[in-house]
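Here's the structure we're looking at; comments come further down.
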Amino acid sequence: MNDREEFLIWVNNSLVRAERAQFDGDAAPRRAIWSSGDDVSVLGAWRNAVGRGELLEAFDAVAASFTHCTDYAFELITFDVSSDMAYTVGYERISATKDGSPHTVTVRATQVYRREDGEWKVVHRHADTM
């Protein structure tokens, strides 16, 4: 299996599971797939963050506003892997309860990843609602 195939398996399993959990009110899986370094950033659909501390606060705040995720799908538009760096561009389609009301949204998301100790970790996310 080559690096691209291995990365795609990680995206379709670990990343998708973590994102779905986030929109079901659980930030822990998303925290686990992000780099623990302080050089992380999010320009998010709901919140921005720079640095690990702000990132964790943002994840907790977003998770606290969502529950009952009934659907999460990641439509990958393009991606690439180059040694220990990778990126994805795609659409996230989310159906969940947000702040007590049913909510369905499509988010455009670009993410950057780095391999740390043999595992893929997210280091940057830029997302916006459509």
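As shown in the structure tokens, the chain order sets the letters A, B, ...; within each chain, residues go from 1, and ligands are also counted from 1 in the order they appear.
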
Show me, as a tab-separated table, the residues of region 28-113 of chain A having an atom within 12 Å of region 6-14 of chain A, each with the closest atom pair and its distance in Å, using only C-alpha atoms.
residue	atom	partner	partner_atom	distance
A:Pro29	CA	A:Ser14	CA	8.4
A:Arg30	CA	A:Ser14	CA	9.1
A:Arg31	CA	A:Ser14	CA	11.6
A:Ala32	CA	A:Ser14	CA	9.6
A:Ile33	CA	A:Ser14	CA	7.5
A:Trp34	CA	A:Ser14	CA	11.0
A:Tyr72	CA	A:Asn12	CA	11.7
A:Ala73	CA	A:Asn12	CA	9.7
A:Phe74	CA	A:Asn12	CA	8.1
A:Glu75	CA	A:Asn12	CA	10.0
A:Leu76	CA	A:Val11	CA	9.4
A:Thr78	CA	A:Leu8	CA	10.9
A:Phe79	CA	A:Leu8	CA	8.8
A:Asp80	CA	A:Phe7	CA	9.0
A:Val81	CA	A:Phe7	CA	7.6
A:Ser82	CA	A:Phe7	CA	10.7
A:Ser83	CA	A:Phe7	CA	11.0
A:Asp84	CA	A:Phe7	CA	10.4
A:Met85	CA	A:Phe7	CA	10.2
A:Ala86	CA	A:Phe7	CA	8.3
A:Tyr87	CA	A:Phe7	CA	9.9
A:Thr88	CA	A:Val11	CA	8.9
A:Val89	CA	A:Val11	CA	11.5
A:Gly90	CA	A:Val11	CA	11.5
A:Gln111	CA	A:Val11	CA	10.9
A:Val112	CA	A:Val11	CA	11.8
A:Tyr113	CA	A:Phe7	CA	9.9

Could you give me, as a CSV table (one decimal) with N, CA and C atoms, in the first residue's frame, the residues within 10 Å of region 35-38 of chain A, counting only C-alpha atoms and dropping anything in the same chain fewer than 5 positions from it?
chain,number,residue,atom,x,y,z
A,50,VAL,N,-6.1,29.8,17.1
A,50,VAL,CA,-4.7,29.7,16.8
A,50,VAL,C,-4.0,29.2,18.1
A,51,GLY,N,-3.2,28.2,18.0
A,51,GLY,CA,-2.6,27.6,19.1
A,51,GLY,C,-3.4,26.5,19.8
A,52,ARG,N,-2.7,25.6,20.5
A,52,ARG,CA,-3.4,24.4,21.0
A,52,ARG,C,-4.5,24.8,22.0
A,53,GLY,N,-4.2,25.8,22.9
A,53,GLY,CA,-5.2,26.2,23.9
A,53,GLY,C,-6.5,26.7,23.3
A,54,GLU,N,-6.4,27.6,22.4
A,54,GLU,CA,-7.6,28.1,21.7
A,54,GLU,C,-8.3,27.0,20.9
A,55,LEU,N,-7.5,26.2,20.3
A,55,LEU,CA,-8.1,25.1,19.5
A,55,LEU,C,-9.0,24.2,20.4
A,113,TYR,N,-2.4,18.3,6.9
A,113,TYR,CA,-2.0,17.3,7.8
A,113,TYR,C,-0.5,17.1,7.8
A,114,ARG,N,0.0,16.6,8.9
A,114,ARG,CA,1.4,16.2,9.0
A,114,ARG,C,1.5,14.9,9.7
A,115,ARG,N,2.4,14.1,9.3
A,115,ARG,CA,2.7,12.8,10.0
A,115,ARG,C,3.6,13.1,11.2
A,116,GLU,N,3.1,12.6,12.3
A,116,GLU,CA,3.9,12.8,13.6
A,116,GLU,C,4.0,11.4,14.2
A,119,GLU,N,1.9,8.8,12.6
A,119,GLU,CA,0.4,8.9,12.6
A,119,GLU,C,0.1,10.3,11.9
A,120,TRP,N,-1.0,10.3,11.2
A,120,TRP,CA,-1.5,11.5,10.6
A,120,TRP,C,-2.2,12.4,11.6
A,121,LYS,N,-1.9,13.7,11.6
A,121,LYS,CA,-2.5,14.6,12.5
A,121,LYS,C,-2.9,15.9,11.7
A,122,VAL,N,-4.0,16.5,12.1
A,122,VAL,CA,-4.4,17.7,11.4
A,122,VAL,C,-3.7,18.9,12.1
A,123,VAL,N,-3.2,19.8,11.3
A,123,VAL,CA,-2.5,21.0,11.8
A,123,VAL,C,-3.2,22.3,11.4
A,124,HIS,N,-4.1,22.2,10.4
A,124,HIS,CA,-4.8,23.5,10.0
A,124,HIS,C,-6.1,23.1,9.3

**Closest of A:Asp71, A:Asp128, A:Asp26, A:Asp117 to Ser95 (chain A) - atom-to-atom distances counting only C-alpha atoms** =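 For Ser95 (chain A), the nearest of the candidates is A:Asp71.
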
Note to self: Nearest residue to Glu19 (chain A) out of A:Cys69, A:Val105, A:Ala58, A:Val42, using only C-alpha atoms?
What the structure shows: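 Using only C-alpha atoms, Glu19 (chain A) sits closest to A:Cys69.
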
CA of Arg4 (chain A) to CA of Phe59 (chain A): how many Å, to one decimal?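 Atom-to-atom, CA of Arg4 (chain A) and CA of Phe59 (chain A) are spaced 27.6 Å apart.
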
Counting only C-alpha atoms, closest pick from A:Asp99, A:Asp24, A:Arg47, A:Thr106 relative to His68 (chain A) is A:Asp24

Taking 6 positions as the minimum chain separation for residues in the same chain, which residues sit within 12 Å of Thr129 (chain A) when counting only C-alpha atoms? Answer as a list in words.
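With the cut-off at 12 Å, the set is Leu43, Gly44, Ala45, Trp46, Arg47, Tyr91, Glu92, Arg93, Ile94, Thr104, Val105, Thr106, Val107, Arg108 and Ala109 of chain A.
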
Inset, instruction - May I ask which of the residues A:Ala96, A:Val40, A:Val16, A:Leu56 is the closest one to Ala28 (chain A), counting only C-alpha atoms? - result: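 Result for the nearest residue to Ala28 (chain A): A:Leu56.
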
The distance between CA of Ser65 (chain A) and CA of Asp39 (chain A) is 25.6 Å

DSSP says alpha helix (DSSP H) for which residues of chain A? Put them as an MDAnalysis selection string? chainID A and resid 3:10 16:22 28:33 52:65

task = Find, counting only C-alpha atoms, the residue in A:Asp60, A:Phe23, A:Ser41, A:Asn48 that gets nearest to Lys98 (chain A).
result =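 Result for the nearest residue to Lys98 (chain A): A:Phe23.
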
Check: Could you pull out all residues of chain A with a DSSP call of strand (DSSP E or B) and give them as an NGL selection string?
Finding: :A and (34 or 41-43 or 48-50 or 66-82 or 85-98 or 101-116 or 119-129)

CA of Ala21 (chain A) to CA of Ile77 (chain A) measures 22.0 Å

Worksheet item: Could you pull the residues within 10 Å of Glu57 (chain A), counting only C-alpha atoms, minus those fewer than 6 positions along the same chain, as a PyMOL selection string?
Response: chain A and resi 27+47+49+63

Write the selection just made, keeping C-alpha atoms, as a PDB file, in the first residue's frame?
ATOM      1  CA  ALA A  27     -14.879  16.690  21.052  1.00  0.00           C
ATOM      2  CA  ARG A  47     -15.101  29.587  15.386  1.00  0.00           C
ATOM      3  CA  ALA A  49      -8.474  29.421  16.852  1.00  0.00           C
ATOM      4  CA  ALA A  63     -19.227  20.206  20.409  1.00  0.00           C
TER       5      ALA A  63
END

Counting only C-alpha atoms, the residue among A:Thr110, A:Leu15, A:Ala64, A:Asn2 that lies closest to Ala127 (chain A) is A:Thr110
